[in-house]
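Asker: Input file: upload33.cif. Contents: mmCIF, C-alpha atoms.
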data_protein
loop_
_atom_site.label_atom_id
_atom_site.label_comp_id
_atom_site.auth_asym_id
_atom_site.auth_seq_id
_atom_site.Cartn_x
_atom_site.Cartn_y
_atom_site.Cartn_z
CA MET A 183 6.85 20.33 -23.12
CA ILE A 184 8.00 17.07 -21.64
CA ILE A 185 6.46 15.91 -18.39
CA ARG A 186 7.66 13.00 -16.34
CA ILE A 187 5.20 11.26 -14.07
CA MET A 188 7.50 9.63 -11.60
CA GLY A 189 7.54 5.87 -11.91
CA GLU A 190 5.34 5.95 -15.00
CA GLY A 191 7.38 7.48 -17.77
CA GLN A 192 7.19 10.63 -19.83
CA TYR A 193 4.51 12.50 -21.76
CA ARG A 194 4.70 15.16 -24.43
CA ALA A 195 2.12 17.81 -23.61
CA PRO A 196 1.09 21.14 -25.16
CA GLU A 197 2.44 24.29 -23.47
CA THR A 198 -1.09 25.45 -22.72
CA LEU A 199 -1.54 22.58 -20.32
CA CYS A 200 1.02 24.20 -18.06
CA ASP A 201 -1.43 26.85 -16.78
CA ASP A 202 -4.03 24.24 -15.89
CA LEU A 203 -1.41 22.16 -14.15
CA ASN A 204 -0.18 25.16 -12.22
CA GLN A 205 -3.66 25.83 -10.93
CA ILE A 206 -4.07 22.26 -9.76
CA ASP A 207 -0.59 22.40 -8.26
CA ASN A 208 -1.56 25.45 -6.21
CA ARG A 209 -4.71 23.73 -4.99
CA ILE A 210 -2.66 20.68 -4.01
CA LEU A 211 -0.29 22.94 -2.12
CA ASP A 212 -3.19 24.36 -0.09
CA LEU A 213 -4.65 20.91 0.57
CA VAL A 214 -1.34 19.63 1.86
CA GLU A 215 -1.08 22.62 4.17
CA GLU A 216 -4.61 22.04 5.45
CA GLY A 217 -3.93 18.33 5.81
CA LYS A 218 -6.96 17.29 3.73
CA ALA A 219 -5.78 13.85 2.68
CA ASP A 220 -8.82 12.74 0.65
CA GLU A 221 -9.08 15.88 -1.42
CA PHE A 222 -5.33 15.87 -1.90
CA ARG A 223 -5.53 12.36 -3.38
CA LYS A 224 -8.36 13.40 -5.66
CA GLU A 225 -6.56 16.47 -7.00
CA LEU A 226 -3.34 14.56 -7.54
CA SER A 227 -5.01 11.80 -9.52
CA LYS A 228 -6.95 14.46 -11.47
CA LEU A 229 -3.68 16.14 -12.30
CA ILE A 230 -2.12 12.93 -13.51
CA SER A 231 -5.08 11.80 -15.58
CA GLU A 232 -5.14 15.27 -17.16
CA ILE A 233 -1.54 14.82 -18.28
CA LYS A 234 -2.20 11.34 -19.60
CA GLU A 235 -5.29 12.49 -21.44
CA LYS A 236 -3.95 15.64 -23.04
CA GLY A 237 -0.42 14.47 -23.48
CA GLU A 238 1.09 11.89 -25.72
CA ALA A 239 3.02 9.08 -24.08
CA ILE A 240 6.67 8.95 -24.96
CA GLU A 241 7.99 5.49 -25.64
CA ALA A 242 10.09 4.06 -22.86
CA LYS A 243 12.96 3.52 -25.30
CA GLU A 244 13.26 7.23 -25.82
CA ILE A 245 14.95 8.83 -22.85
CA LEU A 246 14.74 12.59 -22.68
CA GLN A 247 15.17 15.30 -20.12
CA SER A 248 11.88 16.52 -18.64
CA ASP A 249 10.67 20.08 -18.22
CA ILE A 250 8.31 19.20 -15.40
CA ILE A 251 8.44 16.36 -12.92
CA VAL A 252 5.19 15.25 -11.37
CA PRO A 253 5.08 13.13 -8.20
CA PRO A 254 3.83 9.55 -8.39
CA GLU A 255 0.08 9.02 -8.14
CA ASP A 256 0.28 7.03 -4.93
CA LEU A 257 2.14 9.79 -3.10
CA SER A 258 0.68 10.01 0.38
CA ILE A 259 -0.05 13.32 2.07
CA GLU A 260 2.62 12.47 4.64
CA GLU A 261 5.16 12.07 1.87
CA ALA A 262 4.02 15.33 0.33
CA LYS A 263 4.51 17.05 3.69
CA ALA A 264 7.97 15.53 3.91
CA VAL A 265 8.75 17.04 0.52
CA PHE A 266 7.85 20.50 1.83
CA LYS A 267 9.89 20.02 4.94
CA GLY A 268 12.84 19.47 2.66
CA SER A 269 13.59 15.94 3.76
CA GLY A 270 12.09 14.56 0.56
CA ILE A 271 10.31 11.29 0.01
CA PHE A 272 13.44 9.34 -0.61
CA GLU A 273 16.65 8.64 1.17
CA GLY A 274 19.94 10.00 -0.04
CA MET B 119 6.58 26.94 -4.17
CA GLY B 120 4.25 24.20 -5.37
CA LEU B 121 4.49 20.49 -5.02
CA PHE B 122 5.86 20.12 -8.59
CA SER B 123 8.71 22.48 -8.08
CA ARG B 124 9.54 20.95 -4.71
CA ILE B 125 9.50 17.41 -6.11
CA GLU B 126 11.60 18.62 -9.00
CA THR B 127 14.17 20.15 -6.67
CA VAL B 128 14.38 17.00 -4.60
CA PHE B 129 14.55 14.88 -7.71
CA LYS B 130 17.14 17.02 -9.46
CA SER B 131 19.39 17.00 -6.43
CA LYS B 132 19.25 13.24 -6.55
CA MET B 133 20.04 13.38 -10.27
CA ASN B 134 22.93 15.73 -9.67
CA LYS B 135 24.42 13.31 -7.24
CA LEU B 136 24.23 10.66 -9.92
CA LEU B 137 25.71 12.97 -12.53
CA ASN B 138 28.55 14.01 -10.25
CA ARG B 139 29.45 10.42 -9.76
CA MET B 140 29.59 10.01 -13.51
CA GLU B 141 33.23 10.64 -14.07
CA ASP B 142 33.18 7.66 -16.30
CA PRO B 143 29.51 7.24 -17.12
CA ARG B 144 30.13 3.73 -18.32
CA GLU B 145 31.01 2.54 -14.86
CA THR B 146 28.18 4.44 -13.25
CA LEU B 147 25.71 3.01 -15.71
CA ASP B 148 26.84 -0.52 -15.00
CA TYR B 149 26.78 0.05 -11.28
CA SER B 150 23.33 1.59 -11.43
CA TYR B 151 22.03 -1.29 -13.49
CA GLU B 152 23.36 -3.84 -10.99
CA ARG B 153 21.76 -1.87 -8.19
CA GLN B 154 18.44 -1.78 -10.00
CA LEU B 155 18.50 -5.54 -10.51
CA GLU B 156 19.24 -6.02 -6.84
CA LEU B 157 16.35 -3.80 -5.79
CA LEU B 158 14.01 -5.47 -8.24
CA GLN B 159 14.96 -8.83 -6.76
CA ASN B 160 14.08 -7.50 -3.30
CA VAL B 161 10.72 -6.28 -4.50
CA LYS B 162 10.00 -9.69 -6.02
CA LYS B 163 10.95 -11.38 -2.79
CA GLY B 164 8.71 -8.97 -0.92
CA VAL B 165 5.75 -9.73 -3.15
CA ALA B 166 6.20 -13.44 -2.47
CA GLU B 167 6.40 -12.84 1.26
CA VAL B 168 3.26 -10.75 1.27
CA ALA B 169 1.49 -13.52 -0.60
CA SER B 170 2.56 -16.05 1.99
CA SER B 171 1.50 -13.77 4.85
CA LYS B 172 -1.89 -13.56 3.22
CA LYS B 173 -2.01 -17.33 2.97
CA ARG B 174 -1.19 -17.58 6.68
CA LEU B 175 -4.00 -15.21 7.51
CA GLN B 176 -6.40 -17.26 5.42
CA LEU B 177 -5.39 -20.41 7.25
CA GLN B 178 -5.85 -18.66 10.55
CA ARG B 179 -9.28 -17.61 9.47
CA VAL B 180 -10.23 -21.20 8.71
CA LYS B 181 -8.98 -22.23 12.14
CA LEU B 182 -10.96 -19.49 13.83
CA VAL B 183 -14.13 -20.43 12.00
CA GLN B 184 -13.65 -24.03 13.03
CA ASN B 185 -13.24 -22.92 16.63
CA THR B 186 -16.39 -20.85 16.35
CA ASP B 187 -18.33 -23.91 15.28
CA LYS B 188 -16.83 -25.90 18.10
CA LEU B 189 -17.79 -23.24 20.66
CA GLU B 190 -21.34 -23.14 19.31
CA LYS B 191 -21.59 -26.87 19.81
CA GLN B 192 -20.12 -26.60 23.28
CA ALA B 193 -22.64 -23.91 24.20
CA ARG B 194 -25.45 -26.10 22.96
CA ASP B 195 -24.16 -29.04 24.98
CA ALA B 196 -23.92 -26.82 28.03
CA VAL B 197 -27.52 -25.68 27.59
CA VAL B 198 -28.63 -29.28 27.34
CA ALA B 199 -26.68 -29.99 30.49
CA ASP B 200 -28.37 -27.03 32.20
CA SER B 201 -25.10 -25.21 32.71
CA ASP B 202 -25.86 -21.59 31.81
CA ASP B 203 -22.55 -20.24 33.02
CA LEU B 204 -20.60 -22.59 30.83
CA ALA B 205 -22.82 -21.83 27.85
CA ARG B 206 -22.35 -18.12 28.45
CA LEU B 207 -18.60 -18.53 28.58
CA ALA B 208 -18.57 -20.47 25.32
CA LEU B 209 -20.80 -17.89 23.62
CA GLU B 210 -18.65 -15.04 24.86
CA ARG B 211 -15.62 -16.66 23.35
CA LYS B 212 -17.51 -17.27 20.17
CA ALA B 213 -18.45 -13.60 19.91
CA ALA B 214 -14.84 -12.58 20.38
CA LEU B 215 -13.71 -15.02 17.71
CA ALA B 216 -16.32 -13.69 15.32
CA GLN B 217 -14.86 -10.21 15.80
CA GLN B 218 -11.43 -11.54 15.02
CA VAL B 219 -12.67 -13.19 11.85
CA GLU B 220 -14.12 -9.86 10.75
CA GLY B 221 -10.79 -8.18 11.39
CA ILE B 222 -8.93 -10.82 9.43
CA ASP B 223 -11.34 -10.45 6.53
CA LEU B 224 -10.59 -6.75 6.34
CA GLU B 225 -6.87 -7.34 6.49
CA ILE B 226 -6.99 -10.00 3.80
CA ALA B 227 -8.94 -7.72 1.50
CA GLU B 228 -6.47 -4.91 2.04
CA LEU B 229 -3.44 -7.13 1.52
CA ASP B 230 -5.06 -8.41 -1.65
CA GLN B 231 -5.40 -4.92 -3.03
CA GLN B 232 -1.90 -3.90 -2.12
CA GLN B 233 -0.46 -7.08 -3.49
CA GLU B 234 -2.13 -6.44 -6.82
CA LYS B 235 -0.71 -2.94 -6.96
CA LEU B 236 2.72 -4.18 -6.04
CA VAL B 237 2.73 -6.89 -8.68
CA GLU B 238 1.69 -4.29 -11.22
CA SER B 239 4.48 -1.93 -10.30
CA GLU B 240 6.95 -4.80 -10.22
CA LYS B 241 6.06 -5.63 -13.81
CA ARG B 242 6.42 -2.03 -14.86
CA LEU B 243 9.76 -1.75 -13.15
CA SER B 244 11.07 -4.94 -14.75
CA THR B 245 10.30 -3.48 -18.15
CA LYS B 246 12.02 -0.23 -17.22
CA VAL B 247 15.10 -1.99 -15.96
CA GLU B 248 15.21 -4.06 -19.13
CA ILE B 249 14.98 -0.96 -21.29
CA PHE B 250 17.57 0.74 -19.16
CA LYS B 251 19.93 -2.12 -19.86
CA THR B 252 19.65 -1.67 -23.63
CA ARG B 253 19.89 2.08 -23.38
CA LYS B 254 22.93 1.85 -21.14
CA GLU B 255 24.80 -0.16 -23.74
CA SER B 256 24.07 2.35 -26.46
CA ILE B 257 25.17 5.26 -24.26
CA LYS B 258 28.34 3.41 -23.43
CA ALA B 259 29.00 2.87 -27.12
CA GLN B 260 28.31 6.53 -27.84
CA TYR B 261 30.60 7.59 -25.08
CA SER B 262 33.37 5.36 -26.31
CA ALA B 263 33.05 6.81 -29.76
CA ALA B 264 33.60 10.20 -28.10
CA GLU B 265 32.59 12.02 -31.23
CA ALA B 266 29.53 14.08 -30.40
CA HIS B 267 30.34 15.44 -26.97
CA VAL B 268 27.34 17.73 -26.72
CA LYS B 269 25.01 14.99 -27.66
CA ILE B 270 26.52 12.73 -25.05
CA ASN B 271 25.97 15.29 -22.34
CA GLU B 272 22.34 15.59 -23.32
CA SER B 273 21.75 11.88 -23.26
CA VAL B 274 23.63 11.59 -20.02
CA THR B 275 21.27 14.08 -18.38
CA GLY B 276 18.28 12.25 -19.78
CA ILE B 277 19.58 8.91 -18.70
CA SER B 278 20.47 10.09 -15.24
CA GLU B 279 16.89 11.29 -14.90
CA GLU B 280 15.67 7.89 -16.00
CA MET B 281 18.10 6.20 -13.63
CA ALA B 282 16.97 8.35 -10.74
CA ASP B 283 13.32 7.64 -11.56
CA VAL B 284 13.74 3.88 -11.84
CA GLY B 285 15.85 3.87 -8.69
CA LEU B 286 13.31 5.90 -6.72
CA ALA B 287 10.36 3.88 -7.94
CA LEU B 288 12.14 0.72 -6.86
CA GLU B 289 12.99 2.23 -3.51
CA ARG B 290 9.37 3.10 -2.89
CA ALA B 291 8.12 -0.30 -4.00
CA GLU B 292 10.62 -1.86 -1.68
CA ASN B 293 9.56 0.32 1.24
CA LYS B 294 5.96 -0.59 0.57
CA THR B 295 6.68 -4.32 0.63
CA GLU B 296 8.58 -3.87 3.88
CA GLU B 297 5.62 -2.07 5.45
CA MET B 298 3.20 -4.72 4.28
CA LYS B 299 5.40 -7.53 5.51
CA ALA B 300 5.76 -5.90 8.90
CA ARG B 301 2.03 -5.37 9.15
CA ALA B 302 1.19 -8.92 8.14
CA GLU B 303 3.67 -10.23 10.69
CA ALA B 304 2.21 -8.02 13.40
CA ILE B 305 -1.26 -9.34 12.64
CA ASP B 306 0.03 -12.89 12.77
CA GLU B 307 1.49 -12.29 16.18
CA LEU B 308 -1.65 -10.63 17.48
CA MET B 309 -3.70 -13.53 16.24
CA GLU B 310 -1.43 -16.07 17.83
CA ALA B 311 -1.57 -14.26 21.14
CA GLY B 312 -5.27 -13.51 20.78
CA THR B 313 -6.45 -17.05 20.15
CA LEU B 314 -4.50 -18.30 23.11
CA GLU B 315 -5.05 -15.67 25.75
CA ASP B 316 -6.86 -12.40 26.15
CA LEU B 317 -9.24 -12.20 23.23
CA THR B 318 -9.66 -8.47 23.46
CA SER B 319 -6.02 -7.57 23.90
CA GLY B 320 -4.56 -4.60 22.11
CA ARG B 321 -7.52 -2.34 22.61
CA ASP B 322 -8.11 0.40 25.09
CA GLU B 323 -10.26 0.17 28.22
CA ILE B 324 -13.33 1.92 26.82
CA ASP B 325 -13.34 -0.20 23.70
CA ARG B 326 -13.00 -3.28 25.77
CA GLU B 327 -15.89 -2.34 28.07
CA LEU B 328 -18.09 -1.37 25.14
CA SER B 329 -17.47 -4.56 23.25
CA LYS B 330 -18.02 -6.47 26.48
CA ILE B 331 -21.43 -4.90 26.89
CA SER B 332 -22.43 -5.52 23.29
CA SER B 333 -21.12 -9.05 23.24
CA GLN B 334 -22.85 -9.71 26.57
CA SER B 335 -26.23 -8.77 25.19
CA ASN B 336 -25.43 -10.83 22.13
CA VAL B 337 -24.43 -13.69 24.33
CA GLU B 338 -27.70 -13.47 26.28
CA SER B 339 -29.82 -13.52 23.16
CA GLU B 340 -27.81 -16.37 21.70
CA LEU B 341 -28.17 -18.28 24.91
CA ALA B 342 -31.91 -17.79 24.74
CA ARG B 343 -31.90 -18.89 21.12
CA LEU B 344 -30.05 -22.08 22.00
CA LYS B 345 -32.43 -22.74 24.83
CA ALA B 346 -35.37 -22.31 22.54
CA GLU B 347 -33.82 -24.62 19.99
CA VAL B 348 -33.02 -27.24 22.54
CA GLY B 349 -36.46 -26.77 24.07
CA LYS B 350 -35.33 -25.87 27.56
CA ASP B 351 -36.71 -23.35 30.01
CA PRO B 352 -39.96 -22.46 28.24
CA GLU B 353 -40.46 -19.33 30.37
CA LYS B 354 -37.34 -17.72 29.04
CA VAL B 355 -37.91 -18.94 25.51
CA LYS B 356 -40.21 -15.99 24.88
CA THR B 357 -37.66 -13.36 25.85
CA GLY B 358 -35.16 -15.37 23.92
CA GLU B 359 -37.15 -15.04 20.77
CA GLU B 360 -37.36 -11.31 21.24
CA GLY B 361 -33.65 -11.21 21.61
CA THR B 362 -33.17 -13.19 18.44
CA ASP B 363 -35.48 -10.88 16.55
CA GLU B 364 -33.56 -7.88 17.73
CA ARG B 365 -30.41 -9.43 16.55
CA LYS B 366 -31.84 -10.12 13.17
CA GLU B 367 -32.97 -6.55 12.76
CA VAL B 368 -29.49 -5.35 13.50
#
As structure tokens, what does this structure read like?

Answerer:
Amino acid sequence: MIIRIMGEGQYRAPETLCDDLNQIDNRILDLVEEGKADEFRKELSKLISEIKEKGEAIEAKEILQSDIIVPPEDLSIEEAKAVFKGSGIFEG
Amino acid sequence: MGLFSRIETVFKSKMNKLLNRMEDPRETLDYSYERQLELLQNVKKGVAEVASSKKRLQLQRVKLVQNTDKLEKQARDAVVADSDDLARLALERKAALAQQVEGIDLEIAELDQQQEKLVESEKRLSTKVEIFKTRKESIKAQYSAAEAHVKINESVTGISEEMADVGLALERAENKTEEMKARAEAIDELMEAGTLEDLTSGRDEIDRELSKISSQSNVESELARLKAEVGKDPEKVKTGEEGTDERKEV
């Protein structure tokens, strides 16, 4: 399974990691809804360090299509809310 | 739907736009590379501007500290000259300046941190853009060969993902520099206005009253301290010492 951490490159991770990531993703979803910025930050950086730890970094030269795309670590809760509203974090 | 899937949807729609534009991927790749270079240049410029804003703040801090020293001296002179009102005025101003210095310190520390982060991401992005350049040439060559169509499509999807990612990362870095620049400029302006006129401007009534009360009691104890140091008004020296002690405890 290939995971892209936005702005940081790609990682090859075992399929089993997907369940763990899904759980964290659901927690993040709740935290964004509740507007808990600090905990949101913590979960997001936990998620990303998990991927970096259990995955194997893919060299930047190799450009592949990802199965999962993970938001950048410095995503703010406001940006995350914007993503749910459908306006996204980026223009265009 | 979780954050991942939402990000992915947003991201993929951006990618699709890129892919749709790819009637001749060679042109799109060149265009995208030019665009990336342009953005990277902007980020670099931004980093330099943030650094100079920080420098300005540091200079302003030095100026404020100098003024604080000057006001302390003026207060002392006023005490010697038996002019309590004047001494009080000088000490009040000094207290307000000290608050400003604290504020500037916080801002400088924050700018420092953000600058570091920005420089780091700028480096990372430069590498990415460089790699993209090489990769772009090989894709163009592959495309021109037009032999393995399926393979080309696969690489094109991968590369459009990479393009979208580099582009978005640059966009964000650029937005961040803009924010920081705007903030640093705003602080500059506040400082300029603040040193000249109303020292407590930009805060609400309650804050202003509260800080007035606290700086007044500070001012009184400082006044007493000066008097004690200068050896004036022995009756009040005692209360003055109490005041100084209180201040030390805080």

Asker: For the atom pair atom CA of Gly276 of chain B and atom CA of Ala242 of chain A, what is the interatomic distance in Å to one decimal place?

Answerer: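 Taking atom CA of Gly276 of chain B and atom CA of Ala242 of chain A, their separation equals 12.0 Å.
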
Asker: Using all atoms listed in the file, pick whichever of B:Val348, B:Leu189, B:Ile257, B:Ala213 has the shortest atom-to-atom distance to Asp142 of chain B.

Answerer: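 Among the listed residues, the smallest separation from Asp142 of chain B belongs to B:Ile257.
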
Asker: Return as a list in words the set of residues that the PyMOL selection byres ((chain A) within 8 of (chain B)) yields on the displayed structure.

Answerer: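 Here the PyMOL selection byres ((chain A) within 8 of (chain B)) matches Met188, Gly189, Asp207, Asn208, Ile210, Leu211, Ala242, Lys243, Ile245, Leu246, Gln247, Ser248, Ile250, Ile251, Val252, Pro253, Ala262, Val265, Phe266, Gly268, Gly270, Phe272 and Gly274 of chain A.
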
Asker: Using C-alpha atoms, can you export the residues from the last selection as a PDB file, keeping the file's coordinate frame?

Answerer:
ATOM      1  CA  MET A 188       7.500   9.630 -11.600  1.00  0.00           C
ATOM      2  CA  GLY A 189       7.540   5.870 -11.910  1.00  0.00           C
ATOM      3  CA  ASP A 207      -0.590  22.400  -8.260  1.00  0.00           C
ATOM      4  CA  ASN A 208      -1.560  25.450  -6.210  1.00  0.00           C
ATOM      5  CA  ILE A 210      -2.660  20.680  -4.010  1.00  0.00           C
ATOM      6  CA  LEU A 211      -0.290  22.940  -2.120  1.00  0.00           C
ATOM      7  CA  ALA A 242      10.090   4.060 -22.860  1.00  0.00           C
ATOM      8  CA  LYS A 243      12.960   3.520 -25.300  1.00  0.00           C
ATOM      9  CA  ILE A 245      14.950   8.830 -22.850  1.00  0.00           C
ATOM     10  CA  LEU A 246      14.740  12.590 -22.680  1.00  0.00           C
ATOM     11  CA  GLN A 247      15.170  15.300 -20.120  1.00  0.00           C
ATOM     12  CA  SER A 248      11.880  16.520 -18.640  1.00  0.00           C
ATOM     13  CA  ILE A 250       8.310  19.200 -15.400  1.00  0.00           C
ATOM     14  CA  ILE A 251       8.440  16.360 -12.920  1.00  0.00           C
ATOM     15  CA  VAL A 252       5.190  15.250 -11.370  1.00  0.00           C
ATOM     16  CA  PRO A 253       5.080  13.130  -8.200  1.00  0.00           C
ATOM     17  CA  ALA A 262       4.020  15.330   0.330  1.00  0.00           C
ATOM     18  CA  VAL A 265       8.750  17.040   0.520  1.00  0.00           C
ATOM     19  CA  PHE A 266       7.850  20.500   1.830  1.00  0.00           C
ATOM     20  CA  GLY A 268      12.840  19.470   2.660  1.00  0.00           C
ATOM     21  CA  GLY A 270      12.090  14.560   0.560  1.00  0.00           C
ATOM     22  CA  PHE A 272      13.440   9.340  -0.610  1.00  0.00           C
ATOM     23  CA  GLY A 274      19.940  10.000  -0.040  1.00  0.00           C
TER      24      GLY A 274
END

Asker: Take the point (3.2, 16.3, -21.7) in the file's coordinates, draw a sphere of radius 12 Å around it, and report as a PyMOL selection string every protein, DNA or RNA residue with an atom inside or on it, counting all atoms listed in the file.

Answerer: chain A and resi 183-187+191-200+203+229-240+248-252

Asker: One number please: atom CA of Val247 of chain B to atom CA of Gln154 of chain B, in Å, one decimal.

Answerer: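 These two atoms are separated by 6.8 Å.
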
Asker: Any chance you could resolve the PyMOL selection byres ((chain B and resi 173-178) around 10) against this file and give the residues as a list in words?

Answerer: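 For this structure, the PyMOL selection byres ((chain B and resi 173-178) around 10) captures Glu167, Val168, Ala169, Ser170, Ser171, Lys172, Arg179, Val180, Lys181, Leu182, Val183, Gln184, Val219, Ile222, Asp223, Glu225, Ile226, Ala302, Glu303, Ile305, Asp306, Met309, Glu310 and Thr313 of chain B.
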
Asker: Report, in Å with one decimal, the straight-line distance from atom CA of Gln205 of chain A to atom CA of Met133 of chain B.

Answerer: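 Value for the atom CA of Gln205 of chain A-atom CA of Met133 of chain B distance: 26.8 Å.
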
Asker: Could you work out an axis-aligned bounding box for all listed atoms of segment 207-216 of chain A, with 8 Å added on each of the six sides, and give its centre and edge lengths in Å to one decimal, as AutoDock Vina command-line options?

Answerer:
--center_x -2.5 --center_y 22.5 --center_z -1.4 --size_x 20.4 --size_y 21.8 --size_z 29.7

Asker: Written as a ChimeraX atom specification, which residues does the PyMOL selection byres ((chain B and resi 144) around 10) give for the file shown?

Answerer: /B:140-143,145-150,254-255,257-259,261-262

Asker: Would you mind telling me which residue in A:Glu241, A:Asp201, A:Glu216, A:Glu190 lies nearest to Asp256 of chain A when using all atoms listed in the file?

Answerer: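 Closest to Asp256 of chain A of all the choices is A:Glu190.
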